[in-house]
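Participant: Next comes the structure file input.txt, holding compact mmCIF, C-alpha atoms.
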```txt
# COMPACT_ATOMS: atom_id res chain seq x y z
CA MET A 113 108.13 102.82 130.89
CA SER A 114 110.64 99.95 130.91
CA GLY A 115 108.56 98.16 128.26
CA LEU A 116 108.64 101.28 126.08
CA LEU A 117 112.41 101.51 126.42
CA ASP A 118 112.72 97.82 125.56
CA ASP A 119 110.65 98.35 122.40
CA PHE A 120 112.83 101.33 121.50
CA ARG A 121 116.04 99.32 121.92
CA SER A 122 114.49 96.47 119.95
CA GLU A 123 113.85 98.71 116.94
CA PHE A 124 117.50 99.78 116.93
CA SER A 125 118.79 96.23 117.24
CA LYS A 126 116.90 95.05 114.15
CA PRO A 127 118.94 94.95 110.92
CA ASN A 128 117.77 96.95 107.88
CA ASN A 129 115.35 98.96 110.01
CA THR A 130 116.61 102.42 109.05
CA LEU A 131 113.23 103.95 108.19
CA ALA A 132 111.72 103.15 111.59
CA GLN A 133 114.92 104.27 113.33
CA LEU A 134 114.96 107.66 111.58
CA ILE A 135 111.33 108.27 112.50
CA LEU A 136 111.95 107.19 116.10
CA VAL A 137 114.93 109.54 116.53
CA ASN A 138 112.86 112.47 115.25
CA VAL A 139 109.95 111.59 117.54
CA VAL A 140 112.17 111.14 120.60
CA VAL A 141 113.86 114.52 120.06
CA PHE A 142 110.44 116.16 119.59
CA LEU A 143 109.03 114.61 122.77
CA THR A 144 112.16 115.51 124.75
CA LEU A 145 111.88 119.15 123.67
CA LEU A 146 108.17 119.13 124.49
CA ILE A 147 108.86 117.88 128.02
CA LEU A 148 111.63 120.44 128.51
CA TYR A 149 109.33 123.21 127.26
CA LEU A 150 106.65 122.24 129.79
CA VAL A 151 109.17 121.94 132.63
CA PHE A 152 110.87 125.27 131.95
CA THR A 153 107.55 127.04 131.36
CA VAL A 154 106.12 125.82 134.67
CA SER A 155 109.32 126.80 136.46
CA GLU A 156 109.18 130.21 134.75
CA SER A 157 112.59 129.71 133.14
CA PRO A 158 111.84 129.84 129.38
CA ALA A 159 115.32 131.20 128.66
CA TYR A 160 116.81 127.80 129.52
CA TYR A 161 114.57 126.10 126.98
CA SER A 162 115.66 128.61 124.32
CA LYS A 163 119.30 127.80 125.07
CA VAL A 164 118.63 124.08 124.57
CA VAL A 165 116.88 124.65 121.23
CA GLU A 166 119.68 127.01 120.17
CA GLN A 167 122.16 124.12 120.40
CA LEU A 168 120.09 122.03 117.96
CA THR A 169 118.92 124.54 115.34
CA ILE A 170 121.17 125.83 112.56
CA PRO A 171 121.71 129.63 112.54
CA ALA A 172 121.69 131.68 109.34
CA SER A 173 124.74 133.67 110.46
CA ALA A 174 128.05 132.07 109.41
CA ALA A 175 129.75 133.49 112.49
CA GLU A 176 127.23 131.75 114.76
CA PHE A 177 127.37 128.55 112.75
CA ILE A 178 131.15 128.30 113.15
CA ARG A 179 130.61 128.22 116.92
CA ARG A 180 128.00 125.44 116.58
CA PRO A 181 128.96 123.36 113.50
CA TRP A 182 127.16 120.25 114.82
CA THR A 183 123.86 121.98 114.09
CA LEU A 184 124.35 121.07 110.40
CA ILE A 185 123.36 117.55 111.53
CA THR A 186 121.14 118.12 114.56
CA TYR A 187 118.77 120.55 112.86
CA PHE A 188 117.24 117.87 110.62
CA PHE A 189 116.30 115.72 113.60
CA THR A 190 114.67 118.61 115.48
CA HIS A 191 111.01 119.73 115.48
CA GLU A 192 108.97 121.89 117.85
CA LYS A 193 105.50 121.95 116.28
CA PRO A 194 103.29 118.83 116.16
CA PHE A 195 102.05 119.30 112.60
CA HIS A 196 105.58 120.01 111.38
CA ILE A 197 106.88 116.64 112.55
CA LEU A 198 103.64 114.88 111.56
CA PHE A 199 103.82 115.94 107.90
CA ASN A 200 107.56 115.32 107.66
CA MET A 201 107.37 111.85 109.18
CA LEU A 202 104.37 110.82 107.08
CA GLY A 203 106.16 111.95 103.93
CA LEU A 204 109.36 110.24 105.01
CA TYR A 205 107.47 107.01 105.63
CA TRP A 206 105.64 107.00 102.27
CA PHE A 207 108.64 107.83 100.09
CA GLY A 208 111.24 106.21 102.33
CA ARG A 209 109.45 102.88 102.11
CA LEU A 210 109.98 102.88 98.32
CA VAL A 211 113.67 103.71 98.59
CA ASP A 212 114.11 101.07 101.28
CA GLU A 213 112.40 98.38 99.20
CA TYR A 214 114.24 99.09 95.95
CA LEU A 215 117.66 100.23 97.16
CA GLY A 216 117.95 99.01 100.75
CA ALA A 217 118.23 100.65 104.15
CA ARG A 218 121.77 102.00 103.66
CA ARG A 219 120.83 104.04 100.59
CA LEU A 220 117.82 105.44 102.48
CA LEU A 221 120.14 106.59 105.25
CA GLY A 222 122.51 108.13 102.72
CA LEU A 223 119.69 110.03 101.00
CA TYR A 224 118.30 111.32 104.30
CA VAL A 225 121.59 112.49 105.82
CA LEU A 226 123.11 113.94 102.64
CA GLY A 227 119.81 115.65 101.80
CA GLY A 228 119.71 117.27 105.24
CA ILE A 229 123.33 118.42 104.89
CA ALA A 230 122.73 119.77 101.37
CA GLY A 231 119.66 121.67 102.57
CA GLY A 232 121.62 123.20 105.45
CA LEU A 233 124.54 124.21 103.22
CA LEU A 234 122.26 125.89 100.65
CA TYR A 235 120.49 127.73 103.48
CA LEU A 236 123.84 128.97 104.87
CA ALA A 237 125.13 129.95 101.42
CA MET A 238 122.02 131.95 100.49
CA PHE A 239 121.80 133.77 103.83
CA ASN A 240 125.48 134.75 103.73
CA LEU A 241 126.09 135.42 100.03
CA VAL A 242 122.85 136.69 98.47
CA PRO A 243 122.04 140.30 99.52
CA TYR A 244 118.26 139.74 99.60
CA PHE A 245 118.66 137.04 102.24
CA VAL A 246 121.70 138.54 104.02
CA GLN A 247 119.68 141.54 105.18
CA ARG A 248 117.14 139.17 106.70
CA SER A 249 119.62 136.81 108.40
CA GLY A 250 119.64 138.44 111.83
CA GLY A 251 118.25 136.11 114.49
CA VAL A 252 117.16 133.52 111.90
CA TYR A 253 117.41 129.82 112.77
CA MET A 254 116.23 126.69 111.00
CA LEU A 255 115.03 123.32 112.23
CA GLY A 256 113.12 120.36 110.82
CA SER A 257 113.74 117.36 108.57
CA SER A 258 112.03 118.83 105.50
CA GLY A 259 115.27 119.08 103.49
CA ALA A 260 116.13 115.46 104.30
CA PHE A 261 112.57 114.37 103.47
CA PHE A 262 112.71 116.22 100.12
CA SER A 263 115.92 114.36 99.29
CA VAL A 264 114.20 111.02 99.93
CA ALA A 265 111.06 112.08 98.03
CA VAL A 266 112.92 113.34 94.96
CA GLY A 267 115.17 110.29 95.10
CA ALA A 268 112.14 108.01 95.03
CA ALA A 269 110.55 109.99 92.18
CA THR A 270 113.80 109.91 90.17
CA LEU A 271 114.08 106.15 90.67
CA LEU A 272 110.39 105.31 90.12
CA PRO A 273 108.73 108.30 88.40
CA ASN A 274 105.61 106.37 87.35
CA TYR A 275 104.93 104.73 90.70
CA SER A 276 101.51 105.85 91.99
CA PHE A 277 100.24 106.80 95.42
CA HIS A 278 96.49 106.64 96.03
CA LEU A 279 95.51 110.08 97.35
CA LEU A 280 92.23 110.89 99.05
CA PHE A 281 89.81 112.62 96.61
CA PHE A 282 92.32 112.23 93.72
CA GLY A 283 92.85 108.49 93.39
CA PRO A 284 96.14 107.17 91.98
CA VAL A 285 98.68 109.93 91.29
CA ARG A 286 102.18 109.31 89.96
CA ILE A 287 104.83 110.35 92.45
CA LYS A 288 106.70 112.44 89.89
CA TYR A 289 103.72 114.81 89.82
CA ILE A 290 103.45 114.87 93.62
CA VAL A 291 107.13 115.75 93.98
CA PHE A 292 106.96 118.31 91.17
CA PHE A 293 104.10 120.05 92.99
CA LEU A 294 106.09 120.09 96.26
CA ILE A 295 109.13 121.62 94.52
CA VAL A 296 107.04 124.30 92.80
CA LEU A 297 105.43 125.11 96.15
CA SER A 298 108.85 125.53 97.77
CA LEU A 299 110.05 127.75 94.93
CA ALA A 300 106.95 129.93 95.26
CA ASN A 301 107.49 130.33 99.01
CA SER A 302 111.27 130.76 98.92
CA LEU A 303 110.94 134.54 99.33
CA GLY A 304 108.35 134.32 102.10
CA PRO A 305 108.64 134.24 105.91
CA ASN A 306 109.89 130.62 105.87
CA SER A 307 112.47 131.21 103.18
CA GLY A 308 115.18 129.31 105.09
CA GLY A 309 113.09 126.16 105.27
CA GLU A 310 112.07 126.42 101.62
CA LEU A 311 115.72 126.78 100.57
CA ALA A 312 116.54 123.66 102.56
CA HIS A 313 113.76 121.84 100.66
CA LEU A 314 115.38 122.79 97.36
CA GLY A 315 118.87 121.80 98.53
CA GLY A 316 117.56 118.41 99.60
CA ALA A 317 115.69 118.00 96.30
CA VAL A 318 118.85 118.62 94.26
CA MET A 319 120.78 116.12 96.37
CA GLY A 320 118.06 113.48 95.98
CA PHE A 321 118.10 113.81 92.19
CA PHE A 322 121.87 113.61 91.79
CA PHE A 323 122.19 110.83 94.39
CA ILE A 324 119.98 108.51 92.33
CA LYS A 325 121.37 109.55 88.94
CA LEU A 326 124.94 108.94 90.08
CA LEU A 327 123.94 105.70 91.76
CA GLN A 328 122.45 104.46 88.48
CA ASN A 329 125.83 105.19 86.89
CA GLY A 330 127.68 103.22 89.57
CA THR A 331 128.71 106.05 91.95
CA ASP A 332 127.31 105.89 95.47
CA LEU A 333 127.55 109.28 97.22
CA GLY A 334 126.50 107.67 100.49
CA ARG A 335 129.70 105.65 101.00
CA PRO A 336 131.17 108.04 103.62
CA ILE A 337 127.89 107.83 105.58
CA TYR A 338 127.92 104.03 105.47
CA TRP A 339 131.56 103.99 106.57
CA LEU A 340 130.84 106.23 109.56
CA MET A 341 127.79 104.19 110.59
CA ASP A 342 129.68 100.91 110.25
CA GLY A 343 132.46 102.31 112.41
CA TRP A 344 130.01 103.50 115.05
CA GLN A 345 128.21 100.16 115.12
CA SER A 346 131.47 98.25 115.45
CA LEU A 347 132.35 100.37 118.50
CA THR A 348 128.97 100.03 120.20
CA ARG A 349 128.22 96.40 119.29
CA PRO A 350 129.22 94.00 122.10
CA LYS A 351 131.90 91.55 121.01
CA PRO A 352 130.87 87.93 121.59
CA ALA A 353 133.24 85.56 123.27
CA VAL A 354 134.60 83.21 120.62
CA LYS A 355 136.30 79.88 121.19
CA VAL A 356 138.78 79.28 118.40
CA SER A 357 139.56 75.80 117.17
CA TYR A 358 141.33 74.59 114.03
CA ARG A 359 138.06 73.38 112.50
CA GLN A 360 136.28 76.70 113.19
CA ARG A 361 139.13 78.69 111.73
CA SER A 362 139.17 76.61 108.57
CA ASN A 363 135.43 77.05 108.05
CA ALA A 364 135.71 80.80 108.59
CA ASN A 365 138.51 81.09 106.05
CA ALA A 366 136.57 79.02 103.52
CA ASN A 367 133.49 81.16 103.95
CA ALA A 368 135.53 84.35 103.65
CA SER A 369 137.17 83.13 100.45
CA THR A 370 133.82 82.23 98.90
CA TYR A 371 132.38 85.59 99.90
CA ALA A 372 135.33 87.54 98.53
CA ALA A 373 135.17 85.62 95.26
CA ALA A 374 131.55 86.56 94.85
CA GLY A 375 132.47 90.24 95.25
CA ALA A 376 129.44 90.84 97.44
CA SER A 377 128.80 93.00 100.49
CA PRO A 378 126.85 91.90 103.57
CA GLY A 379 123.94 94.14 102.74
CA ASN A 380 123.57 92.88 99.17
CA ALA A 381 124.65 89.26 99.44
CA SER A 382 121.11 87.98 99.07
CA VAL A 383 120.47 89.82 95.79
CA SER A 384 122.45 88.39 92.88
CA MET A 385 122.85 89.95 89.46
CA PRO A 386 119.76 88.77 87.53
CA ASP A 387 119.92 87.16 84.10
CA GLN A 388 117.72 88.17 81.17
CA ASP A 389 115.07 85.52 81.88
CA GLU A 390 114.63 86.83 85.43
CA ILE A 391 114.34 90.42 84.19
CA ASP A 392 111.75 89.41 81.58
CA ALA A 393 109.72 87.63 84.26
CA ILE A 394 109.88 90.68 86.53
CA LEU A 395 108.81 93.02 83.71
CA ASP A 396 105.93 90.71 82.83
CA LYS A 397 104.83 90.78 86.46
CA ILE A 398 104.92 94.58 86.44
CA SER A 399 102.82 94.74 83.28
CA ARG A 400 100.25 92.39 84.84
CA SER A 401 100.08 93.67 88.42
CA GLY A 402 102.16 96.86 88.71
CA TYR A 403 105.25 97.76 90.76
CA GLU A 404 103.42 97.12 94.03
CA SER A 405 103.23 93.39 93.30
CA LEU A 406 107.02 92.93 93.24
CA SER A 407 108.81 91.43 96.21
CA ARG A 408 111.68 93.29 97.87
CA GLU A 409 114.23 91.02 96.16
CA GLU A 410 112.62 91.50 92.74
CA LYS A 411 112.71 95.29 93.17
CA GLN A 412 116.39 95.24 94.06
CA LYS A 413 117.18 92.90 91.16
CA LEU A 414 115.41 95.29 88.80
CA PHE A 415 117.55 98.17 90.05
CA ARG A 416 120.76 96.13 89.70
CA ALA A 417 119.79 95.29 86.13
CA SER A 418 119.28 99.01 85.38
CA GLN A 419 122.84 99.68 86.58
CA ARG A 420 124.20 97.00 84.25
CA SER A 421 122.42 98.27 81.16
```
Mind converting the file's structure to structure tokens?
Facilitator:
Amino acid sequence: MSGLLDDFRSEFSKPNNTLAQLILVNVVVFLTLLILYLVFTVSESPAYYSKVVEQLTIPASAAEFIRRPWTLITYFFTHEKPFHILFNMLGLYWFGRLVDEYLGARRLLGLYVLGGIAGGLLYLAMFNLVPYFVQRSGGVYMLGSSGAFFSVAVGAATLLPNYSFHLLFFGPVRIKYIVFFLIVLSLANSLGPNSGGELAHLGGAVMGFFFIKLLQNGTDLGRPIYWLMDGWQSLTRPKPAVKVSYRQRSNANANASTYAAAGASPGNASVSMPDQDEIDAILDKISRSGYESLSREEKQKLFRASQRS
């Protein structure tokens, strides 16, 4: 058990490991709920388990939501059924890997969190404003990361529409067609028994599309998320003991001046703005071997060039 905990802490101490961290948080919450379900079932106290789940799932009723506003965040880290979390995590891994490689871990986090929030807000709006859904809102709750996953999937398809996944029995399929099929499926089921979840899918999809389009125009919707995460990490990260000398202080100031002059951020310092020769070489490599052959740095340079043009 201690080794498992050490591995878990190790994953969270690694930089730029957002995809694995998101999957781990979802899995840990799922396993915790599973253990609680077994414990409360054996002890013949299922009502206690229901109370725990109630604090994590987002209610359709606005009056209930006001009493538990944190559920707008907790619901998209919560699953109860094995296949529900399996499909969501597999989809998050496949599409999230693309976003991570081309845009970096911070943008993946922004897409996931904002997509989950957008899905929850659309769900609340529809079940409190549209008569068809209002009359069905009694005792309705929603959980699952599907809205957040849809945001990541649509974001990836908006960024790289012609990128192909190799599907069993179908061969290579462009991700824009995969995502289009998922959206049509959600629209078709939006009036069914899982209408809340399907609405969250659509809310996440809209967020994913606009997140990438605005990012390509130079506006990053995820900045508030990055700011909050940076603040949290600065509070939880242990501060090393530092011995200050005149020589150390001079080097630090010199490094800071160089860094500020470059106008870079810690997460993007290793990826410079490419010149035309670099872009031509990257495009030639794509034409020869496809997107999959690009390195992480080449993918991020290609995206930076698209923002410049």
Participant: Give me, please, the distance in Å between CA of Thr130 in chain A and CA of Ile147 in chain A, quoted to one decimal.
Facilitator: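 CA of Thr130 in chain A sits 25.7 Å away from CA of Ile147 in chain A.
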Participant: At what distance in Å, to one decimal, does CA of Tyr338 in chain A lie from CA of Val318 in chain A?
Facilitator: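 Between CA of Val318 in chain A and CA of Tyr338 in chain A the gap works out to 20.5 Å.
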Participant: When you count all atoms listed in the file, which of these residues is closest to Leu204 in chain A: A:Gln345, A:Thr169, A:Gln247, A:Ser263?
Facilitator: A:Ser263
Participant: Neighbours of range 229-231 of chain A within 6 Å (only C-alpha atoms; same-chain residues fewer than 6 positions away dropped), as a list in words?
Facilitator: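 Listing them by chain and then by number gives Gly259, Ala312, Gly315 and Gly316 of chain A.
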Participant: Store the residues of this selection in a file with C-alpha atoms, as an mmCIF file, in the coordinates of the input.
Facilitator:
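Done, and the output landed in selection12.cif:
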```
data_model
loop_
_atom_site.group_PDB
_atom_site.id
_atom_site.type_symbol
_atom_site.label_atom_id
_atom_site.label_comp_id
_atom_site.auth_asym_id
_atom_site.auth_seq_id
_atom_site.Cartn_x
_atom_site.Cartn_y
_atom_site.Cartn_z
ATOM 1 C CA GLY A 259 115.270 119.080 103.490
ATOM 2 C CA ALA A 312 116.540 123.660 102.560
ATOM 3 C CA GLY A 315 118.870 121.800 98.530
ATOM 4 C CA GLY A 316 117.560 118.410 99.600
#
```
Participant: Give me the residues within 10 Å of range 191-195 of chain A as a list in words, counting all atoms listed in the file and dropping any in the same chain fewer than 2 places off.
Facilitator: Asn138, Val139, Val141, Phe142, Leu143, Thr144, Leu145, Leu146, Tyr149, Val165, Leu168, Thr169, Tyr187, Phe188, Phe189, Ile197, Leu198, Phe199, Asn200, Met201, Met254, Leu255, Gly256 and Ser257 of chain A
Participant: Kindly save the residues from that selection, with C-alpha atoms included, as a PDB file, keeping the file's coordinate frame.
Facilitator:
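Printed below is result36.pdb as written:
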```
ATOM      1  CA  ASN A 138     112.860 112.470 115.250  1.00  0.00           C
ATOM      2  CA  VAL A 139     109.950 111.590 117.540  1.00  0.00           C
ATOM      3  CA  VAL A 141     113.860 114.520 120.060  1.00  0.00           C
ATOM      4  CA  PHE A 142     110.440 116.160 119.590  1.00  0.00           C
ATOM      5  CA  LEU A 143     109.030 114.610 122.770  1.00  0.00           C
ATOM      6  CA  THR A 144     112.160 115.510 124.750  1.00  0.00           C
ATOM      7  CA  LEU A 145     111.880 119.150 123.670  1.00  0.00           C
ATOM      8  CA  LEU A 146     108.170 119.130 124.490  1.00  0.00           C
ATOM      9  CA  TYR A 149     109.330 123.210 127.260  1.00  0.00           C
ATOM     10  CA  VAL A 165     116.880 124.650 121.230  1.00  0.00           C
ATOM     11  CA  LEU A 168     120.090 122.030 117.960  1.00  0.00           C
ATOM     12  CA  THR A 169     118.920 124.540 115.340  1.00  0.00           C
ATOM     13  CA  TYR A 187     118.770 120.550 112.860  1.00  0.00           C
ATOM     14  CA  PHE A 188     117.240 117.870 110.620  1.00  0.00           C
ATOM     15  CA  PHE A 189     116.300 115.720 113.600  1.00  0.00           C
ATOM     16  CA  ILE A 197     106.880 116.640 112.550  1.00  0.00           C
ATOM     17  CA  LEU A 198     103.640 114.880 111.560  1.00  0.00           C
ATOM     18  CA  PHE A 199     103.820 115.940 107.900  1.00  0.00           C
ATOM     19  CA  ASN A 200     107.560 115.320 107.660  1.00  0.00           C
ATOM     20  CA  MET A 201     107.370 111.850 109.180  1.00  0.00           C
ATOM     21  CA  MET A 254     116.230 126.690 111.000  1.00  0.00           C
ATOM     22  CA  LEU A 255     115.030 123.320 112.230  1.00  0.00           C
ATOM     23  CA  GLY A 256     113.120 120.360 110.820  1.00  0.00           C
ATOM     24  CA  SER A 257     113.740 117.360 108.570  1.00  0.00           C
TER      25      SER A 257
END
```
Participant: For each of A:Val151, A:Ile394, A:Ala260, A:Ile287, take the minimum atom-to-atom distance to Leu134 in chain A, counting only C-alpha atoms, then give the residue where this is smallest.
Facilitator: A:Ala260
Participant: Quick one: residues within 7 Å of Ser276 in chain A, all atoms listed in the file, excluding same-chain residues fewer than 4 positions away - as a list of chain:residue names?
Facilitator: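 The residues satisfying every condition are A:Pro284, A:Val285, A:Arg286, A:Ile287.
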Participant: Can you work out the spacing between CA of Gly203 in chain A and CA of Gln167 in chain A in Å, to one decimal?
Facilitator: 26.0 Å
Participant: Nearest to Lys325 in chain A: which of A:Ala159, A:Val137, A:Leu271, A:Leu297 is it, counting all atoms listed in the file?
Facilitator: A:Leu271
Participant: Under the rule that all atoms listed in the file are counted, which of A:Pro243, A:Gly251, A:Gly208, A:Gly227 is the nearest residue to Glu176 in chain A?
Facilitator: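 Result for the nearest residue to Glu176 in chain A: A:Gly251.
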Participant: Pick the closest to Ala300 in chain A from A:Leu184, A:Ala265, A:Leu314, A:Leu326: which is it, counting only C-alpha atoms?
Facilitator: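 Among the listed residues, A:Leu314 lies closest to Ala300 in chain A.
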Participant: Under the rule that all atoms listed in the file are counted, which of A:Leu272, A:Met341, A:Val140, A:Ala174 is the nearest residue to Ala237 in chain A?
Facilitator: A:Ala174
Participant: Axis-aligned box over every listed atom of range 133-144 of chain A, padded by 3 Å per side: centre and edges in Å to one decimal, as JSON?
Facilitator:
```
{"center_x": 112.0, "center_y": 110.2, "center_z": 118.2, "size_x": 11.9, "size_y": 17.9, "size_z": 19.2}
```
